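One file, model13.pdb, is given below (PDB, C-alpha atoms).
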ATOM      1  CA  MET F1486      34.990 -12.396  18.684  1.00  0.00           C
ATOM      2  CA  GLU F1487      35.404  -9.341  16.496  1.00  0.00           C
ATOM      3  CA  THR F1488      32.646  -8.112  14.233  1.00  0.00           C
ATOM      4  CA  PRO F1489      33.166  -5.516  11.523  1.00  0.00           C
ATOM      5  CA  LEU F1490      31.588  -2.176  12.320  1.00  0.00           C
ATOM      6  CA  THR F1491      30.017  -1.285   8.982  1.00  0.00           C
ATOM      7  CA  PRO F1492      28.200   2.048   8.612  1.00  0.00           C
ATOM      8  CA  LEU F1493      24.861   0.284   9.053  1.00  0.00           C
ATOM      9  CA  GLU F1494      26.042  -1.589  12.138  1.00  0.00           C
ATOM     10  CA  PHE F1495      27.481   1.638  13.531  1.00  0.00           C
ATOM     11  CA  ALA F1496      24.084   3.285  13.065  1.00  0.00           C
ATOM     12  CA  ARG F1497      22.233   0.451  14.785  1.00  0.00           C
ATOM     13  CA  ARG F1498      24.742   0.505  17.650  1.00  0.00           C
ATOM     14  CA  ALA F1499      24.451   4.280  18.116  1.00  0.00           C
ATOM     15  CA  GLY F1500      20.664   4.057  18.085  1.00  0.00           C
ATOM     16  CA  LYS F1501      20.707   1.311  20.684  1.00  0.00           C
ATOM     17  CA  LEU F1502      23.288   2.879  23.018  1.00  0.00           C
ATOM     18  CA  TYR F1503      22.336   6.566  22.692  1.00  0.00           C
ATOM     19  CA  PRO F1504      18.669   6.749  21.665  1.00  0.00           C
ATOM     20  CA  GLU F1505      17.961  10.090  23.348  1.00  0.00           C
ATOM     21  CA  ARG F1506      21.211  11.861  22.475  1.00  0.00           C
ATOM     22  CA  SER F1507      21.252  14.523  19.809  1.00  0.00           C
ATOM     23  CA  ALA F1508      22.030  13.020  16.402  1.00  0.00           C
ATOM     24  CA  LEU F1509      21.666  15.978  14.065  1.00  0.00           C
ATOM     25  CA  LYS F1510      20.519  19.533  13.598  1.00  0.00           C
ATOM     26  CA  ASP F1511      19.451  20.806  10.188  1.00  0.00           C
ATOM     27  CA  GLY F1512      18.049  24.329  10.397  1.00  0.00           C
ATOM     28  CA  GLU F1513      15.163  24.160  12.848  1.00  0.00           C
ATOM     29  CA  MET F1514      15.031  20.358  12.733  1.00  0.00           C
ATOM     30  CA  LYS F1515      16.676  18.597  15.677  1.00  0.00           C
ATOM     31  CA  LEU F1516      16.629  14.803  15.924  1.00  0.00           C
ATOM     32  CA  THR F1517      17.775  12.293  18.498  1.00  0.00           C
ATOM     33  CA  TYR F1518      19.345   9.053  17.339  1.00  0.00           C
ATOM     34  CA  ARG F1519      16.015   7.298  17.929  1.00  0.00           C
ATOM     35  CA  GLN F1520      14.141   9.836  15.816  1.00  0.00           C
ATOM     36  CA  PHE F1521      16.795   9.886  13.110  1.00  0.00           C
ATOM     37  CA  PHE F1522      16.911   6.110  12.663  1.00  0.00           C
ATOM     38  CA  GLU F1523      13.129   5.868  12.835  1.00  0.00           C
ATOM     39  CA  ARG F1524      13.020   8.275   9.881  1.00  0.00           C
ATOM     40  CA  CYS F1525      15.621   6.163   8.074  1.00  0.00           C
ATOM     41  CA  ASN F1526      13.528   3.040   8.673  1.00  0.00           C
ATOM     42  CA  ARG F1527      10.385   4.811   7.456  1.00  0.00           C
ATOM     43  CA  TRP F1528      12.150   5.889   4.255  1.00  0.00           C
ATOM     44  CA  SER F1529      13.429   2.328   3.736  1.00  0.00           C
ATOM     45  CA  CYS F1530       9.879   1.011   4.121  1.00  0.00           C
ATOM     46  CA  ALA F1531       8.548   3.669   1.744  1.00  0.00           C
ATOM     47  CA  LEU F1532      11.190   2.836  -0.850  1.00  0.00           C
ATOM     48  CA  GLN F1533      10.149  -0.811  -0.743  1.00  0.00           C
ATOM     49  CA  GLN F1534       6.471   0.141  -1.003  1.00  0.00           C
ATOM     50  CA  LEU F1535       7.329   2.158  -4.116  1.00  0.00           C
ATOM     51  CA  GLY F1536       9.000  -0.904  -5.618  1.00  0.00           C
ATOM     52  CA  ILE F1537      12.675  -0.159  -4.996  1.00  0.00           C
ATOM     53  CA  ARG F1538      14.454  -3.487  -4.580  1.00  0.00           C
ATOM     54  CA  GLN F1539      17.937  -4.832  -3.940  1.00  0.00           C
ATOM     55  CA  GLY F1540      20.335  -3.572  -6.616  1.00  0.00           C
ATOM     56  CA  ASP F1541      18.077  -0.720  -7.779  1.00  0.00           C
ATOM     57  CA  ARG F1542      19.662   2.721  -8.013  1.00  0.00           C
ATOM     58  CA  VAL F1543      18.344   5.813  -6.236  1.00  0.00           C
ATOM     59  CA  ALA F1544      19.938   9.120  -7.255  1.00  0.00           C
ATOM     60  CA  TYR F1545      20.193  12.130  -4.915  1.00  0.00           C
ATOM     61  CA  ILE F1546      20.895  15.725  -5.854  1.00  0.00           C
ATOM     62  CA  ALA F1547      21.182  17.589  -2.565  1.00  0.00           C
ATOM     63  CA  PRO F1548      23.606  19.464  -0.356  1.00  0.00           C
ATOM     64  CA  ASN F1549      24.371  18.242   3.182  1.00  0.00           C
ATOM     65  CA  THR F1550      20.865  18.081   4.644  1.00  0.00           C
ATOM     66  CA  HIS F1551      19.080  15.653   6.948  1.00  0.00           C
ATOM     67  CA  ALA F1552      17.456  14.022   3.902  1.00  0.00           C
ATOM     68  CA  GLN F1553      20.835  13.441   2.277  1.00  0.00           C
ATOM     69  CA  LEU F1554      22.215  11.939   5.508  1.00  0.00           C
ATOM     70  CA  GLU F1555      19.144   9.704   5.847  1.00  0.00           C
ATOM     71  CA  SER F1556      19.835   8.345   2.365  1.00  0.00           C
ATOM     72  CA  PHE F1557      23.216   6.991   3.452  1.00  0.00           C
ATOM     73  CA  TYR F1558      21.427   4.574   5.812  1.00  0.00           C
ATOM     74  CA  SER F1559      17.956   4.077   4.303  1.00  0.00           C
ATOM     75  CA  ILE F1560      18.991   3.020   0.831  1.00  0.00           C
ATOM     76  CA  PRO F1561      21.779   0.535   1.661  1.00  0.00           C
ATOM     77  CA  GLN F1562      19.783  -1.154   4.420  1.00  0.00           C
ATOM     78  CA  ILE F1563      17.330  -2.471   1.813  1.00  0.00           C
ATOM     79  CA  GLY F1564      20.143  -3.474  -0.543  1.00  0.00           C
ATOM     80  CA  ALA F1565      19.571  -0.646  -3.013  1.00  0.00           C
ATOM     81  CA  ILE F1566      22.396   1.534  -4.316  1.00  0.00           C
ATOM     82  CA  LEU F1567      22.737   5.234  -3.569  1.00  0.00           C
ATOM     83  CA  VAL F1568      23.909   7.448  -6.443  1.00  0.00           C
ATOM     84  CA  PRO F1569      24.865  10.811  -4.892  1.00  0.00           C
ATOM     85  CA  ILE F1570      25.219  13.445  -7.612  1.00  0.00           C
ATOM     86  CA  ASN F1571      27.177  16.656  -7.194  1.00  0.00           C
ATOM     87  CA  TYR F1572      24.549  19.396  -7.097  1.00  0.00           C
ATOM     88  CA  ARG F1573      26.950  21.878  -8.709  1.00  0.00           C
ATOM     89  CA  LEU F1574      26.744  20.100 -12.070  1.00  0.00           C
ATOM     90  CA  SER F1575      24.620  21.241 -15.003  1.00  0.00           C
ATOM     91  CA  SER F1576      21.222  19.827 -15.941  1.00  0.00           C
ATOM     92  CA  GLU F1577      22.785  17.987 -18.865  1.00  0.00           C
ATOM     93  CA  GLU F1578      25.322  16.369 -16.555  1.00  0.00           C
ATOM     94  CA  PHE F1579      22.508  15.392 -14.158  1.00  0.00           C
ATOM     95  CA  ALA F1580      20.716  13.678 -17.053  1.00  0.00           C
ATOM     96  CA  TYR F1581      23.834  11.824 -18.160  1.00  0.00           C
ATOM     97  CA  ILE F1582      24.640  10.509 -14.669  1.00  0.00           C
ATOM     98  CA  ILE F1583      21.044   9.556 -13.878  1.00  0.00           C
ATOM     99  CA  ASN F1584      20.660   7.661 -17.152  1.00  0.00           C
ATOM    100  CA  HIS F1585      24.110   6.084 -17.032  1.00  0.00           C
ATOM    101  CA  SER F1586      23.556   4.862 -13.454  1.00  0.00           C
ATOM    102  CA  GLY F1587      20.178   3.354 -14.299  1.00  0.00           C
ATOM    103  CA  ALA F1588      18.464   5.184 -11.430  1.00  0.00           C
ATOM    104  CA  LEU F1589      14.767   4.392 -11.032  1.00  0.00           C
ATOM    105  CA  MET F1590      14.215   7.221  -8.562  1.00  0.00           C
ATOM    106  CA  VAL F1591      15.668  10.714  -8.269  1.00  0.00           C
ATOM    107  CA  CYS F1592      15.453  12.638  -4.988  1.00  0.00           C
ATOM    108  CA  VAL F1593      16.086  16.359  -5.322  1.00  0.00           C
ATOM    109  CA  HIS F1594      16.598  19.293  -2.958  1.00  0.00           C
ATOM    110  CA  SER F1595      14.305  22.286  -3.572  1.00  0.00           C
ATOM    111  CA  ASP F1596      17.134  24.371  -5.048  1.00  0.00           C
ATOM    112  CA  TYR F1597      17.463  21.919  -7.973  1.00  0.00           C
ATOM    113  CA  LEU F1598      13.846  20.963  -8.678  1.00  0.00           C
ATOM    114  CA  ASP F1599      13.595  23.248 -11.717  1.00  0.00           C
ATOM    115  CA  ALA F1600      16.902  21.988 -13.124  1.00  0.00           C
ATOM    116  CA  VAL F1601      15.737  18.370 -12.954  1.00  0.00           C
ATOM    117  CA  GLU F1602      12.233  19.234 -14.168  1.00  0.00           C
ATOM    118  CA  SER F1603      13.853  20.774 -17.270  1.00  0.00           C
ATOM    119  CA  ILE F1604      15.430  17.389 -18.156  1.00  0.00           C
ATOM    120  CA  ARG F1605      12.535  15.201 -17.037  1.00  0.00           C
ATOM    121  CA  VAL F1606      11.726  14.084 -20.595  1.00  0.00           C
ATOM    122  CA  GLU F1607      15.328  12.903 -20.975  1.00  0.00           C
ATOM    123  CA  LEU F1608      14.942  10.436 -18.076  1.00  0.00           C
ATOM    124  CA  PRO F1609      12.846   7.609 -19.544  1.00  0.00           C
ATOM    125  CA  ASN F1610      13.763   4.999 -16.913  1.00  0.00           C
ATOM    126  CA  VAL F1611      13.050   7.163 -13.859  1.00  0.00           C
ATOM    127  CA  LYS F1612       9.802   6.025 -12.249  1.00  0.00           C
ATOM    128  CA  TYR F1613       9.708   8.463  -9.335  1.00  0.00           C
ATOM    129  CA  LEU F1614      10.794  12.038  -8.760  1.00  0.00           C
ATOM    130  CA  ILE F1615      10.933  12.986  -5.081  1.00  0.00           C
ATOM    131  CA  ALA F1616      11.035  16.575  -3.808  1.00  0.00           C
ATOM    132  CA  LEU F1617      13.144  16.406  -0.654  1.00  0.00           C
ATOM    133  CA  GLU F1618      11.974  19.915   0.253  1.00  0.00           C
ATOM    134  CA  GLY F1619       9.399  22.151  -1.362  1.00  0.00           C
ATOM    135  CA  GLU F1620       6.676  21.208  -3.798  1.00  0.00           C
ATOM    136  CA  LYS F1621       6.623  20.515  -7.520  1.00  0.00           C
ATOM    137  CA  GLU F1622       3.612  19.404  -9.534  1.00  0.00           C
ATOM    138  CA  GLY F1623       3.921  15.752 -10.521  1.00  0.00           C
ATOM    139  CA  TRP F1624       6.571  15.063  -7.857  1.00  0.00           C
ATOM    140  CA  LEU F1625       6.180  13.074  -4.629  1.00  0.00           C
ATOM    141  CA  ASN F1626       6.875  14.884  -1.351  1.00  0.00           C
ATOM    142  CA  TYR F1627       9.578  13.277   0.815  1.00  0.00           C
ATOM    143  CA  GLU F1628       8.246  14.458   4.178  1.00  0.00           C
ATOM    144  CA  ASP F1629       4.693  13.353   3.347  1.00  0.00           C
ATOM    145  CA  ILE F1630       5.917   9.913   2.319  1.00  0.00           C
ATOM    146  CA  ILE F1631       7.932   9.485   5.528  1.00  0.00           C
ATOM    147  CA  ALA F1632       4.996  10.636   7.682  1.00  0.00           C
ATOM    148  CA  GLU F1633       2.660   8.098   6.035  1.00  0.00           C
ATOM    149  CA  SER F1634       5.097   5.174   5.910  1.00  0.00           C
ATOM    150  CA  CYS F1635       5.552   2.286   8.293  1.00  0.00           C
ATOM    151  CA  ASP F1636       8.865   1.864  10.087  1.00  0.00           C
ATOM    152  CA  ARG F1637       9.334  -1.811   9.324  1.00  0.00           C
ATOM    153  CA  PHE F1638      11.123  -2.750   6.138  1.00  0.00           C
ATOM    154  CA  ILE F1639      11.951  -6.226   4.896  1.00  0.00           C
TER     155      ILE F1639
END

Kindly transcribe the structure held in the file into structure tokens.
Amino acid sequence: METPLTPLEFARRAGKLYPERSALKDGEMKLTYRQFFERCNRWSCALQQLGIRQGDRVAYIAPNTHAQLESFYSIPQIGAILVPINYRLSSEEFAYIINHSGALMVCVHSDYLDAVESIRVELPNVKYLIALEGEKEGWLNYEDIIAESCDRFI
């Protein structure tokens, strides 16, 4: 019997077969497949605890970082929809895409926090702003949320 190897199934297979092998390196952060997928599961659980449900949109403005990679597994595995936004766009273009997509949450790399903060009032449907790195007043901190979250999502 053949079973399709979707990205999520590929991830689960890699985690099962190679749990202690190196999965990624992002600056000083090094993660095994076990650690990487545990973080993905924790973010999925946190998203659900924040009220993100199947079909909801979660926008990301980030370069190729561990947090961006985690989004490619965490968001789809709860049935939500990832909206990756090119970080080279202008603030006005960010606002248009976020509003047009219907995103309820926007996750932003530290380099773009100020750009998104400058359009915050133009994002009436966004319930949560997440700082993937760094701190911003009124924003939730990604690493803190993952550290405090369970690793079991529904």

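Taking only C-alpha atoms into account, Lys1515 in chain F lies nearest to F:His1551 out of the set F:Tyr1627, F:Ile1546, F:His1551, F:Glu1577.
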
I need the output of the PyMOL selection byres ((chain F and resi 1543) around 8) for this file as an mmCIF file with C-alpha atoms, keeping the file's coordinate frame; which residues are they?
data_model
loop_
_atom_site.group_PDB
_atom_site.id
_atom_site.type_symbol
_atom_site.label_atom_id
_atom_site.label_comp_id
_atom_site.auth_asym_id
_atom_site.auth_seq_id
_atom_site.Cartn_x
_atom_site.Cartn_y
_atom_site.Cartn_z
ATOM 1 C CA ASP F 1541 18.077 -0.720 -7.779
ATOM 2 C CA ARG F 1542 19.662 2.721 -8.013
ATOM 3 C CA ALA F 1544 19.938 9.120 -7.255
ATOM 4 C CA TYR F 1545 20.193 12.130 -4.915
ATOM 5 C CA ILE F 1560 18.991 3.020 0.831
ATOM 6 C CA ALA F 1565 19.571 -0.646 -3.013
ATOM 7 C CA ILE F 1566 22.396 1.534 -4.316
ATOM 8 C CA LEU F 1567 22.737 5.234 -3.569
ATOM 9 C CA VAL F 1568 23.909 7.448 -6.443
ATOM 10 C CA ALA F 1588 18.464 5.184 -11.430
ATOM 11 C CA LEU F 1589 14.767 4.392 -11.032
ATOM 12 C CA MET F 1590 14.215 7.221 -8.562
ATOM 13 C CA VAL F 1591 15.668 10.714 -8.269
ATOM 14 C CA CYS F 1592 15.453 12.638 -4.988
#

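Between CA of Leu1554 in chain F and CA of Leu1608 in chain F lies a distance of 24.7 Å.
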
Name the residues that the PyMOL selection byres ((chain F and resi 1516-1521) around 12) picks from the file above, as a PyMOL selection string, using the file's chain letters and numbers. chain F and resi 1495-1515+1522-1528+1551-1552+1554-1559+1631+1636

I want to know what sits within 9 Å of Ser1634 in chain F, based on only C-alpha atoms, with residues of the same chain fewer than 4 positions away left out; could you give that as a ChimeraX atom specification? /F:1527-1528,1530-1531,1534,1629-1630

List as a VMD selection string the protein and nucleic acid residues near Leu1625 in chain F, meaning an atom at most 10 Å away when all atoms listed in the file are counted, but skip any in the same chain fewer than 3 places from it. chain F and resid 1592 1613 to 1617 1620 to 1622 1628 to 1630
